[in-house]
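Everything on this sheet refers to the single structure shown next.
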Amino acid sequence: MAGYDIESLRHSTAHVMAHAVKNLFPDAQVAIGPSIEDGFYYDFGVSAPFTPDDLEKISAEMQRVIKAGKPFVRKEISREEALALFADEPFKVELIEDLPSDEIISIYEEGDFIDLCRGPHIDNAGQIKAFRLLKSSGAYWRGDERNAMLQRIYGTAFSTQQELDDYLKMIEEAEKRDHRKLGRELDLFSLQEEAGPGLVFWHPKGAFVRTVIEDHWRSEHLNNGYDLVMTPHIARQDLWRTSGHLDFFNENMYQPMMVDETPYLIKPMNCPFHLLIYKSRVRSYRELPIRWAELGTVYRYERSGVLHGLLRVRGFTQDDAHIMCSREQLDSETKRVLEFVLSMLRRFGFSDYEVFLSTRPEQSVGDDDVWEQATDALRSALDAQGLSYQVDEGGGAFYGPKIDVKIKDAIGRVWQCSTIQVDFNEPERFDLTYVGQDNAHHRPIMIHRALLGSMERFMGVLIEHYAGAFPLWLAPVQAVVIPIADRHSEYAGKVADDLRASGFRTEVDDRNEKTGYKIREAQLQKIPYMLVVGDREQEAGAVAVRSRSEGDLGAISVADLIEQFKKELTE
RNA sequence: GCCCACGUGGCGCAGGGGUAGCGCACCUCUUUGGUAAAGAGGAGGUCAUGGGUCCGAAUCCCAUCGUGGGCUCCA
């Protein structure tokens, strides 16, 4: 076992890369080069971006540096010495100047390459056995778009070549389950250049899956004490002034359209509409908590560079709900919502997610004690579920604290789906009240929440999660009947009719093709069951069942098959 | 929005200054075949869009649109 951890190895490889870049591009200025989750990067100030060709040259140069096998030598120096040493490296100078005065400044020497660095490092460059430069891209200095754009090179390193190969293989496999690729192959959805970026077109099969999810969503909400509401897509601009969106969300909203000389805006959120329903009459404490849910389609302007398949779009349908409750009910309502979130995710096979609790930011509204109570409510809900979570101090919305649940996509990127946000602000803005037991007017607290996030993003993650092989209850086509020869077509049609009569989405593939061909296509379409029928099956009133995942399961009667399907649906 | 790359028939790709090629899919015919691709024939694109250079552009240049990977953003 080597005497260093993987982070040190990667960080050291980043140094070696910077060394190589300096050898090949003496004018390049070094910025920072940390190890990251699956590798490392290093940022450089250069006159021209790196080309793929450059990456190969840098990689070759790195091999030479590694072969030289020079040790990493740590030295501690004074601030003055550091500033003098890095006089030609403006980014390093900026870093040094920003270090607290009592900080020990250390440098690492590796051959003739010296870098400002806290360490630790491996002993010598020769210990790097397996690395790969992956890609280059632009990156702002210190992550601020007002700063200069540097050129970043990403790479990764592992202790052994085998581990590196396995990693690269894993990336390759992950690309096969990319929802954009599967969306096309399985004919689920498309994005159309003619219509505009970030706008989703659901094809029949994708629309069907979505419908199954939505149906499930609706019935679960009705079972969980929610009422369903429906609201328009546009509203007067003034409404968005009242809600505060015009001030706080303006950059994400589309330009107004004129209707009879009054400006209207397309909705980026559903909450103001739900509040209007609340305000349509006087509310009593007896009605609380009010839970209103809507699959509400919203449109938001997203900068062009951030759009990504179904995961980041400009028009999407939130599985939104707003809970209006009293302060006393906040605790139990939060618990209830979190339980609902988890049970919903579980239904779709998600158990691996990251949970964040975001607390009060500097710029915020509301009294301290309300913030404290709301944050406690969220925290105790998390604890009650035994969830481990990260606290994002100051990461809450200006109007209240929140819980976010993020799910991973095929290559490990996390996407925010579920969210629970307490809001003290909007009820105030709309002057929401309820009449209490004391016959006085009180202000309700609102909880915004989405379980799946948006149908688009959730389905994108879901497609990757299942690699397109939806479980029986979600599969757009649950079974395909495959007659072996023309003379079995009629029987195949009868089998399909029986299955459909029992509610199973069944197709017949009676094309003029051989059985193997139809099997292959059905497998590629990831249809859960293939039902082969020939002379034997027709004779016996049976089907030869082939499962997508388990292969040939042998013959079974149609009646038994239906029972088996029903059983599988309840699992 | 910023950096880089890319944009050729439905999909995946090749070609790369002298008026487009392959595989799959599609259509027709033959074949009626038992668990991942039967055989033959055929149709389909002017090379994202606009402009420029050139005797001539899909091929070079510019702009625009779109896509991809990052950055930033994500109330």
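Residue numbers start at 1 in each chain; chains themselves are named A, B, ... in the order of the structure tokens; ligands are numbered from 1 in the order shown.
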Can you tell me which residues surround Leu182 (chain A) at a distance of at most 9 Å, considering only C-alpha atoms (C1' of nucleotides), apart from same-chain residues fewer than 6 positions away, and format the answer as number ranges by chain? A: 176, 188, 463-464, 467-468
Keeping only all heavy atoms, write the selected residues as an mmCIF file, in the first residue's frame.
data_model
loop_
_atom_site.group_PDB
_atom_site.id
_atom_site.type_symbol
_atom_site.label_atom_id
_atom_site.label_comp_id
_atom_site.auth_asym_id
_atom_site.auth_seq_id
_atom_site.Cartn_x
_atom_site.Cartn_y
_atom_site.Cartn_z
ATOM 1 N N LYS A 176 -23.782 5.552 -22.072
ATOM 2 C CA LYS A 176 -24.809 4.760 -22.745
ATOM 3 C C LYS A 176 -26.181 4.982 -22.120
ATOM 4 O O LYS A 176 -27.189 4.725 -22.741
ATOM 5 C CB LYS A 176 -24.461 3.271 -22.673
ATOM 6 C CG LYS A 176 -23.338 2.884 -23.605
ATOM 7 C CD LYS A 176 -23.115 1.392 -23.586
ATOM 8 C CE LYS A 176 -21.798 1.061 -24.252
ATOM 9 N NZ LYS A 176 -21.275 -0.245 -23.813
ATOM 10 N N LEU A 188 -38.817 8.669 -26.773
ATOM 11 C CA LEU A 188 -39.545 9.211 -25.631
ATOM 12 C C LEU A 188 -39.829 10.705 -25.767
ATOM 13 O O LEU A 188 -40.910 11.178 -25.444
ATOM 14 C CB LEU A 188 -38.751 8.970 -24.340
ATOM 15 C CG LEU A 188 -38.479 7.513 -23.975
ATOM 16 C CD1 LEU A 188 -37.525 7.426 -22.794
ATOM 17 C CD2 LEU A 188 -39.788 6.786 -23.667
ATOM 18 N N ILE A 463 -34.873 8.208 -16.336
ATOM 19 C CA ILE A 463 -34.428 7.448 -17.506
ATOM 20 C C ILE A 463 -33.003 6.946 -17.269
ATOM 21 O O ILE A 463 -32.680 5.791 -17.544
ATOM 22 C CB ILE A 463 -34.485 8.326 -18.776
ATOM 23 C CG1 ILE A 463 -35.939 8.601 -19.175
ATOM 24 C CG2 ILE A 463 -33.735 7.653 -19.929
ATOM 25 C CD1 ILE A 463 -36.113 9.724 -20.192
ATOM 26 N N GLU A 464 -32.149 7.795 -16.721
ATOM 27 C CA GLU A 464 -30.770 7.390 -16.471
ATOM 28 C C GLU A 464 -30.706 6.367 -15.331
ATOM 29 O O GLU A 464 -29.929 5.423 -15.372
ATOM 30 C CB GLU A 464 -29.913 8.624 -16.144
ATOM 31 C CG GLU A 464 -29.974 9.644 -17.266
ATOM 32 C CD GLU A 464 -28.792 10.588 -17.313
ATOM 33 O OE1 GLU A 464 -27.966 10.578 -16.380
ATOM 34 O OE2 GLU A 464 -28.702 11.327 -18.305
ATOM 35 N N ALA A 467 -31.701 3.266 -16.769
ATOM 36 C CA ALA A 467 -31.048 3.049 -18.064
ATOM 37 C C ALA A 467 -32.099 2.768 -19.137
ATOM 38 O O ALA A 467 -31.871 1.983 -20.061
ATOM 39 C CB ALA A 467 -30.031 1.920 -17.977
ATOM 40 N N GLY A 468 -33.246 3.396 -19.036
ATOM 41 C CA GLY A 468 -34.304 3.233 -20.041
ATOM 42 C C GLY A 468 -35.160 2.001 -19.837
ATOM 43 O O GLY A 468 -36.205 1.875 -20.461
#
Need the shell around U59 (chain B): protein/DNA/RNA residues with any atom at most 10 Å away, counting only C-alpha atoms (C1' of nucleotides). Skip same-chain ones fewer than 6 positions apart. Format as a PyMOL selection string? chain B and resi 15-17+47
Residues from last step as file, C-alpha atoms (C1' of nucleotides), as a PDB file, in the first residue's frame:
ATOM      1  C1'   G B  15     -15.322  12.574 -47.086  1.00  0.00           C
ATOM      2  C1'   G B  16     -12.944  17.709 -47.168  1.00  0.00           C
ATOM      3  C1'   G B  17     -12.135  23.547 -53.106  1.00  0.00           C
ATOM      4  C1'   C B  47     -23.834  18.929 -46.691  1.00  0.00           C
TER       5        C B  47
END
Kindly determine which residues of chain B lie within 8 Å of chain A, considering only C-alpha atoms (C1' of nucleotides), and give the answer as a PyMOL selection string. chain B and resi 1-4+32-38+66+69-73+75
Mind checking which residues fall within 12 Å of C27 (chain B), counting only C-alpha atoms (C1' of nucleotides), ignoring those fewer than 2 positions away in the same chain, and posting them as a PyMOL selection string? chain B and resi 25+29+41-44
Near His448 (chain A), within 8 Å and counting only C-alpha atoms (C1' of nucleotides), which residues show up once chain neighbours fewer than 5 positions away are dropped, as a ChimeraX atom specification? /A:271,320-323,419-423
Can you measure CA of Glu81 (chain A) to CA of Ile104 (chain A) for me? One decimal in Å is fine. 12.2 Å
From region 311-509 of chain A, collect each residue whose DSSP state is strand (DSSP E) and return the set as a ChimeraX atom specification. /A:315-325,353-358,390-392,402-408,414-423,434-435,441-442,445-454,479-483,506-508
Of A:Cys325, A:Ile77, A:Leu310, A:Ala501, the one nearest to Arg286 (chain A) when counting only C-alpha atoms is A:Cys325
